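Written out below as structure tokens is the structure these notes cover.
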Amino acid sequence: MLLSLIVPCCNEQEALPLFYKACTGVLNGMDCGYELILVNDGSTDGTLAVMKDLAGRDSHVVYLSLSRNFGKEAAMYAGFCNAKGDYVAVMDADLQDPPELLPRMLEKLQSGEYDCAAARRVSRDGEPRVRSWFARLFYKLINRISDTEVVDGARDFRLMKREMADAVVAMSEYNRFSKGMFGWVGFRTCWIPYENVERAAGKTKWSFWGLMKYAMDGVVSFSQAPLSFVSWAGFIMTAFAFFMLAFVVIRKLIFGDPVAGWASTMSVIIFVSGLQLFCLGVIGQYLAKTYLETKRRPHFIVSETNGDDVTKIK
Ligand code: UDP
Ligand code: MG
């Protein structure tokens, strides 16, 4: 029985050695074989050197070095495409995902009751207040407007059976929002709650705007609600305009034409043009995603690896 552990790393030269130590400690105590798939996502520091060093000392380590920074989702996908294990796990390199949970996750899967065990943060301590507030708002919103459940506090840290990993590999969409994709593929998931842990070393790659963009991508990837909102807004505005028109014409026929109301006319024009631009923008978001999907560009390109028969481009 083999367990593949996928670790996307971007500029993690400080955290990676700590991570390696902690997680091999746990993995060696578990009675299963394992491979540690370290994906270097275009790091600009010494991360690759650290990976090579680890791979030289430990035959469990397979590193995949991407040709540039493709983003965490693509890095994870590269790992998924090359994981050989009967069980596949994803974990961050910064020790925010406690490796001690792995044996419990494996137990859950081996009991046969679940196909996937995932970690869920129950607290967000150590995170800026505004960030937590927006995160909560995002989860509320997306769960209301999407059919796919996105669990608040869910991390990408999870262990799954081969069947589920295959399903994730089969989802070859370009705009990958794994929190939604893991939900979309289904399977029986067991949630393991834990308290938030702060980064062991290094810095987070997320800026506030980066997160906002990620949230927008999530909405566009997993919901068509904004498009229906836009159609409804258009419909309601048109109906309203029709009654307004009728009112204005009838008033003109009965009372003649009092020339007044420049200000109100202007505000209506400005409001409606604003609304039109907004709606165009929403449609544009979907169009842009469609445009990218139709190009069918590869998700990742591996430029260096120590593994054999590695999928290098997909
Ligand atoms: N990461 C990556 N590519 C990126 C950004 C991040 O592979 O472009 C990795 C990073 O090295 C870490 C994980 O994704 O292992 C989570 O990143 P981070 O800790 O910055 O995110 P947070 O935990 O704050 O959500
Ligand atoms: Mg982190």
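Order determines the names: the first chain of the structure tokens is A, the second B, and so forth; residues in each chain are numbered 1 upward, and ligands are numbered 1 upward as they are shown.
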
Report the closest atom pair, with its distance in Å rounded to one decimal, for each residue of chain A that has an atom no farther than 9 Å from ligand 2; count only C-alpha atoms and all ligand atoms, sort by chain and then rising residue number, and write it as JSON lines.
{"residue": "A:Asp92", "atom": "CA", "partner": "ligand 2", "partner_atom_place_in_ligand_line": "1 (Mg)", "distance": 6.4}
{"residue": "A:Ala93", "atom": "CA", "partner": "ligand 2", "partner_atom_place_in_ligand_line": "1 (Mg)", "distance": 7.5}
{"residue": "A:Asp94", "atom": "CA", "partner": "ligand 2", "partner_atom_place_in_ligand_line": "1 (Mg)", "distance": 5.5}
{"residue": "A:Leu95", "atom": "CA", "partner": "ligand 2", "partner_atom_place_in_ligand_line": "1 (Mg)", "distance": 7.4}
{"residue": "A:Gln96", "atom": "CA", "partner": "ligand 2", "partner_atom_place_in_ligand_line": "1 (Mg)", "distance": 5.5}
{"residue": "A:Asp97", "atom": "CA", "partner": "ligand 2", "partner_atom_place_in_ligand_line": "1 (Mg)", "distance": 8.0}
{"residue": "A:Val197", "atom": "CA", "partner": "ligand 2", "partner_atom_place_in_ligand_line": "1 (Mg)", "distance": 8.9}
{"residue": "A:Glu198", "atom": "CA", "partner": "ligand 2", "partner_atom_place_in_ligand_line": "1 (Mg)", "distance": 7.5}
{"residue": "A:Arg199", "atom": "CA", "partner": "ligand 2", "partner_atom_place_in_ligand_line": "1 (Mg)", "distance": 5.7}
{"residue": "A:Ala200", "atom": "CA", "partner": "ligand 2", "partner_atom_place_in_ligand_line": "1 (Mg)", "distance": 8.7}
{"residue": "A:Lys203", "atom": "CA", "partner": "ligand 2", "partner_atom_place_in_ligand_line": "1 (Mg)", "distance": 8.0}
{"residue": "A:Thr204", "atom": "CA", "partner": "ligand 2", "partner_atom_place_in_ligand_line": "1 (Mg)", "distance": 5.7}
{"residue": "A:Lys205", "atom": "CA", "partner": "ligand 2", "partner_atom_place_in_ligand_line": "1 (Mg)", "distance": 7.9}
{"residue": "A:Trp206", "atom": "CA", "partner": "ligand 2", "partner_atom_place_in_ligand_line": "1 (Mg)", "distance": 8.8}

May I have a table of the residues of chain A lying at most 10 Å from ligand 1, giving each one's closest pair of atoms and their distance in Å to one decimal, counting only C-alpha atoms and all ligand atoms, ordered by chain and ascending residue number, as a tab-separated table?
residue	atom	partner	partner_atom_place_in_ligand_line	distance
A:Ile6	CA	ligand 1	15 (O)	9.8
A:Val7	CA	ligand 1	15 (O)	6.4
A:Pro8	CA	ligand 1	7 (O)	4.0
A:Cys9	CA	ligand 1	11 (O)	3.4
A:Cys10	CA	ligand 1	11 (O)	3.8
A:Asn11	CA	ligand 1	11 (O)	6.1
A:Glu12	CA	ligand 1	11 (O)	5.7
A:Gln13	CA	ligand 1	11 (O)	9.4
A:Ala15	CA	ligand 1	15 (O)	8.8
A:Leu16	CA	ligand 1	15 (O)	8.7
A:Phe19	CA	ligand 1	15 (O)	9.8
A:Leu38	CA	ligand 1	7 (O)	9.6
A:Val39	CA	ligand 1	7 (O)	7.2
A:Asn40	CA	ligand 1	7 (O)	6.8
A:Asp41	CA	ligand 1	7 (O)	5.0
A:Gly42	CA	ligand 1	3 (N)	7.7
A:Ser43	CA	ligand 1	3 (N)	8.2
A:Thr47	CA	ligand 1	11 (O)	9.6
A:Arg68	CA	ligand 1	8 (O)	9.7
A:Asn69	CA	ligand 1	8 (O)	6.0
A:Phe70	CA	ligand 1	8 (O)	6.4
A:Gly71	CA	ligand 1	8 (O)	3.7
A:Lys72	CA	ligand 1	3 (N)	3.7
A:Glu73	CA	ligand 1	3 (N)	7.5
A:Ala74	CA	ligand 1	3 (N)	8.1
A:Ala75	CA	ligand 1	7 (O)	5.7
A:Met76	CA	ligand 1	7 (O)	7.5
A:Val90	CA	ligand 1	15 (O)	9.7
A:Met91	CA	ligand 1	15 (O)	7.1
A:Asp92	CA	ligand 1	15 (O)	3.7
A:Ala93	CA	ligand 1	15 (O)	3.9
A:Asp94	CA	ligand 1	15 (O)	5.6
A:Leu95	CA	ligand 1	15 (O)	8.4
A:Gln96	CA	ligand 1	23 (O)	6.5
A:Asp97	CA	ligand 1	23 (O)	8.5
A:Glu127	CA	ligand 1	24 (O)	9.0
A:Arg155	CA	ligand 1	25 (O)	8.2
A:Asp156	CA	ligand 1	16 (C)	8.9
A:Phe157	CA	ligand 1	13 (C)	10.0
A:Val197	CA	ligand 1	23 (O)	9.5
A:Glu198	CA	ligand 1	23 (O)	8.4
A:Arg199	CA	ligand 1	19 (O)	6.8
A:Ala200	CA	ligand 1	19 (O)	9.6
A:Ala201	CA	ligand 1	19 (O)	9.5
A:Gly202	CA	ligand 1	19 (O)	8.5
A:Lys203	CA	ligand 1	20 (O)	6.5
A:Thr204	CA	ligand 1	20 (O)	3.4
A:Lys205	CA	ligand 1	20 (O)	3.7
A:Trp206	CA	ligand 1	20 (O)	5.6
A:Ser207	CA	ligand 1	24 (O)	9.0
A:Leu211	CA	ligand 1	25 (O)	9.0

Expected answer as a PyMOL selection string: strand (DSSP E) residues in range 123-190 of chain A
chain A and resi 154-161+189-190

For Arg162 in chain A, which residue out of A:Lys84, A:His299, A:Arg104, A:Arg188 is the nearest one, using only C-alpha atoms?
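Selected residue with least distance to Arg162 in chain A: A:Lys84.
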
Can you tell me, as a ChimeraX atom specification, what residues are no more than 12 Å from range 281-291 of chain A when counting only C-alpha atoms, ignoring any on the same chain fewer than 4 positions away?
/A:173-176,213,216-231,274-277,295-297

For a quick check of understanding, using only C-alpha atoms, which of A:Ser172, A:Asn143, A:Thr24, A:Ser303 has the smallest distance to Asp58 in chain A?
A:Thr24

Identify all residues of range 68-289 of chain A in alpha helix (DSSP H) (DSSP on the backbone) and supply them as an MDAnalysis selection string.
chainID A and resid 72:82 101:110 129:145 162:170 178:184 208:222 225:255 262:289

Residues at most 12 Å from range 255-271 of chain A, counting only C-alpha atoms, excluding those fewer than 6 positions away in the same chain, as a compact mmCIF listing (two decimals) with N, CA and C atoms, in the first residue's frame?
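To be explicit, this is the file written out as result26.txt:
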# COMPACT_ATOMS: atom_id res chain seq x y z
N MET A 237 -35.43 46.15 -15.09
CA MET A 237 -35.21 47.52 -15.56
C MET A 237 -36.05 47.81 -16.80
N PHE A 240 -39.70 48.22 -15.85
CA PHE A 240 -39.84 49.50 -15.18
C PHE A 240 -39.86 50.63 -16.21
N ALA A 241 -38.91 50.55 -17.17
CA ALA A 241 -38.80 51.59 -18.20
C ALA A 241 -40.07 51.63 -19.04
N MET A 244 -42.69 53.48 -17.12
CA MET A 244 -42.31 54.89 -17.08
C MET A 244 -42.70 55.58 -18.39
N PHE A 247 -46.35 56.08 -18.70
CA PHE A 247 -46.73 57.17 -17.82
C PHE A 247 -46.42 58.53 -18.45
N VAL A 248 -45.21 58.65 -19.01
CA VAL A 248 -44.78 59.92 -19.60
C VAL A 248 -45.64 60.28 -20.81
N VAL A 249 -45.91 59.27 -21.65
CA VAL A 249 -46.70 59.53 -22.86
C VAL A 249 -48.11 59.94 -22.50
N LEU A 277 -22.85 48.80 -17.86
CA LEU A 277 -21.41 48.50 -17.83
C LEU A 277 -21.13 47.37 -16.85
N PHE A 278 -21.81 47.43 -15.68
CA PHE A 278 -21.63 46.39 -14.66
C PHE A 278 -21.99 45.02 -15.24

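CA of Arg144 in chain A is positioned 20.3 Å from CA of Cys279 in chain A.
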
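If you measure from each of A:Ile142, A:Met181, A:Val61, A:Cys190 to Tyr114 in chain A using only C-alpha atoms, the closest one turns out to be A:Cys190.
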
Within 10 Å of Leu36 in chain A, counting only C-alpha atoms, which residues qualify if same-chain residues fewer than 4 places away don't, as a list in words?
Leu3, Ser4, Leu5, Ile6, Val7, Tyr20, Cys23, Thr24, Leu27, Ala55, Asp58, Ser59, His60, Val61, Val62, Tyr63, Gly79, Ala83 and Ala89 of chain A

Restricting it to N, CA, C and O atoms, dump the selection as an mmCIF file, in the first residue's frame.
data_model
loop_
_atom_site.group_PDB
_atom_site.id
_atom_site.type_symbol
_atom_site.label_atom_id
_atom_site.label_comp_id
_atom_site.auth_asym_id
_atom_site.auth_seq_id
_atom_site.Cartn_x
_atom_site.Cartn_y
_atom_site.Cartn_z
ATOM 1 N N LEU A 3 1.215 5.540 -0.127
ATOM 2 C CA LEU A 3 0.584 6.838 0.097
ATOM 3 C C LEU A 3 1.414 7.912 -0.609
ATOM 4 O O LEU A 3 2.625 7.975 -0.429
ATOM 5 N N SER A 4 0.764 8.703 -1.456
ATOM 6 C CA SER A 4 1.478 9.804 -2.114
ATOM 7 C C SER A 4 1.125 11.096 -1.410
ATOM 8 O O SER A 4 -0.047 11.405 -1.238
ATOM 9 N N LEU A 5 2.138 11.842 -1.018
ATOM 10 C CA LEU A 5 1.893 13.112 -0.360
ATOM 11 C C LEU A 5 2.374 14.230 -1.275
ATOM 12 O O LEU A 5 3.563 14.317 -1.586
ATOM 13 N N ILE A 6 1.434 15.047 -1.740
ATOM 14 C CA ILE A 6 1.769 16.129 -2.668
ATOM 15 C C ILE A 6 1.978 17.428 -1.895
ATOM 16 O O ILE A 6 1.127 17.816 -1.112
ATOM 17 N N VAL A 7 3.105 18.073 -2.124
ATOM 18 C CA VAL A 7 3.390 19.319 -1.417
ATOM 19 C C VAL A 7 3.780 20.419 -2.408
ATOM 20 O O VAL A 7 4.878 20.406 -2.946
ATOM 21 N N TYR A 20 9.772 18.750 6.184
ATOM 22 C CA TYR A 20 10.271 17.408 5.865
ATOM 23 C C TYR A 20 10.479 16.600 7.140
ATOM 24 O O TYR A 20 10.075 15.445 7.242
ATOM 25 N N CYS A 23 7.060 15.784 8.848
ATOM 26 C CA CYS A 23 6.159 14.851 8.185
ATOM 27 C C CYS A 23 6.772 13.477 7.990
ATOM 28 O O CYS A 23 6.071 12.484 8.078
ATOM 29 N N THR A 24 8.099 13.395 7.769
ATOM 30 C CA THR A 24 8.665 12.041 7.689
ATOM 31 C C THR A 24 8.592 11.370 9.054
ATOM 32 O O THR A 24 8.408 10.153 9.125
ATOM 33 N N LEU A 27 5.144 9.978 8.978
ATOM 34 C CA LEU A 27 4.958 8.943 7.941
ATOM 35 C C LEU A 27 5.701 7.653 8.274
ATOM 36 O O LEU A 27 5.206 6.554 8.023
ATOM 37 N N ALA A 55 16.109 14.894 -1.834
ATOM 38 C CA ALA A 55 15.960 13.751 -2.731
ATOM 39 C C ALA A 55 17.234 12.905 -2.757
ATOM 40 O O ALA A 55 17.182 11.684 -2.895
ATOM 41 N N ASP A 58 17.075 10.897 0.600
ATOM 42 C CA ASP A 58 15.905 10.081 0.917
ATOM 43 C C ASP A 58 15.224 9.645 -0.371
ATOM 44 O O ASP A 58 14.772 10.475 -1.171
ATOM 45 N N SER A 59 15.124 8.343 -0.580
ATOM 46 C CA SER A 59 14.575 7.841 -1.845
ATOM 47 C C SER A 59 13.052 7.965 -1.906
ATOM 48 O O SER A 59 12.440 7.697 -2.934
ATOM 49 N N HIS A 60 12.433 8.367 -0.781
ATOM 50 C CA HIS A 60 10.984 8.593 -0.811
ATOM 51 C C HIS A 60 10.626 9.877 -1.555
ATOM 52 O O HIS A 60 9.486 10.086 -1.917
ATOM 53 N N VAL A 61 11.640 10.757 -1.683
ATOM 54 C CA VAL A 61 11.346 12.096 -2.210
ATOM 55 C C VAL A 61 11.411 12.142 -3.734
ATOM 56 O O VAL A 61 12.405 11.744 -4.339
ATOM 57 N N VAL A 62 10.328 12.606 -4.352
ATOM 58 C CA VAL A 62 10.315 12.867 -5.786
ATOM 59 C C VAL A 62 10.083 14.364 -5.931
ATOM 60 O O VAL A 62 9.150 14.886 -5.318
ATOM 61 N N TYR A 63 10.960 15.058 -6.661
ATOM 62 C CA TYR A 63 10.651 16.470 -6.845
ATOM 63 C C TYR A 63 10.301 16.758 -8.295
ATOM 64 O O TYR A 63 10.820 16.117 -9.218
ATOM 65 N N GLY A 79 1.174 17.458 -9.136
ATOM 66 C CA GLY A 79 1.345 16.383 -8.161
ATOM 67 C C GLY A 79 0.332 15.269 -8.388
ATOM 68 O O GLY A 79 0.683 14.090 -8.426
ATOM 69 N N ALA A 83 1.012 11.253 -9.023
ATOM 70 C CA ALA A 83 0.929 10.466 -7.790
ATOM 71 C C ALA A 83 0.597 9.018 -8.149
ATOM 72 O O ALA A 83 -0.313 8.763 -8.920
ATOM 73 N N ALA A 89 -2.556 12.403 -0.735
ATOM 74 C CA ALA A 89 -2.805 13.508 0.188
ATOM 75 C C ALA A 89 -2.171 14.785 -0.348
ATOM 76 O O ALA A 89 -1.187 14.734 -1.087
#

Tell me, in Å to one decimal, how far CA of Phe80 in chain A is from CA of Ile145 in chain A.
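Interatomic distance, CA of Phe80 in chain A to CA of Ile145 in chain A: 28.6 Å.
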
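Closest approach to Asp31 in chain A from the set A:Leu2, A:Asp147, A:Asp53, A:Ile254 is made by A:Leu2, with distances taken over only C-alpha atoms.
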
Near Asp125 in chain A, within 12 Å and counting only C-alpha atoms, which residues show up once chain neighbours fewer than 4 positions away are dropped, as a list in words?
Arg121, Arg129, Arg131, Ser132, Gly153, Tyr194, Glu195, Asn196, Val197, Glu198 and Arg199 of chain A

Would you save the residues of that selection, restricted to C-alpha atoms, as a JSON list (two decimals), in the first residue's frame?
[["chain", "number", "residue", "atom", "x", "y", "z"],
["A", 121, "ARG", "CA", -9.97, 24.89, 10.55],
["A", 129, "ARG", "CA", -9.55, 40.50, 11.25],
["A", 131, "ARG", "CA", -9.35, 38.88, 6.13],
["A", 132, "SER", "CA", -11.39, 36.54, 8.32],
["A", 153, "GLY", "CA", -12.49, 26.66, 6.87],
["A", 194, "TYR", "CA", -8.53, 21.43, 14.17],
["A", 195, "GLU", "CA", -7.34, 24.75, 15.54],
["A", 196, "ASN", "CA", -5.58, 27.13, 13.16],
["A", 197, "VAL", "CA", -1.80, 26.87, 13.21],
["A", 198, "GLU", "CA", 0.41, 29.74, 12.13],
["A", 199, "ARG", "CA", 3.09, 29.40, 9.48]]
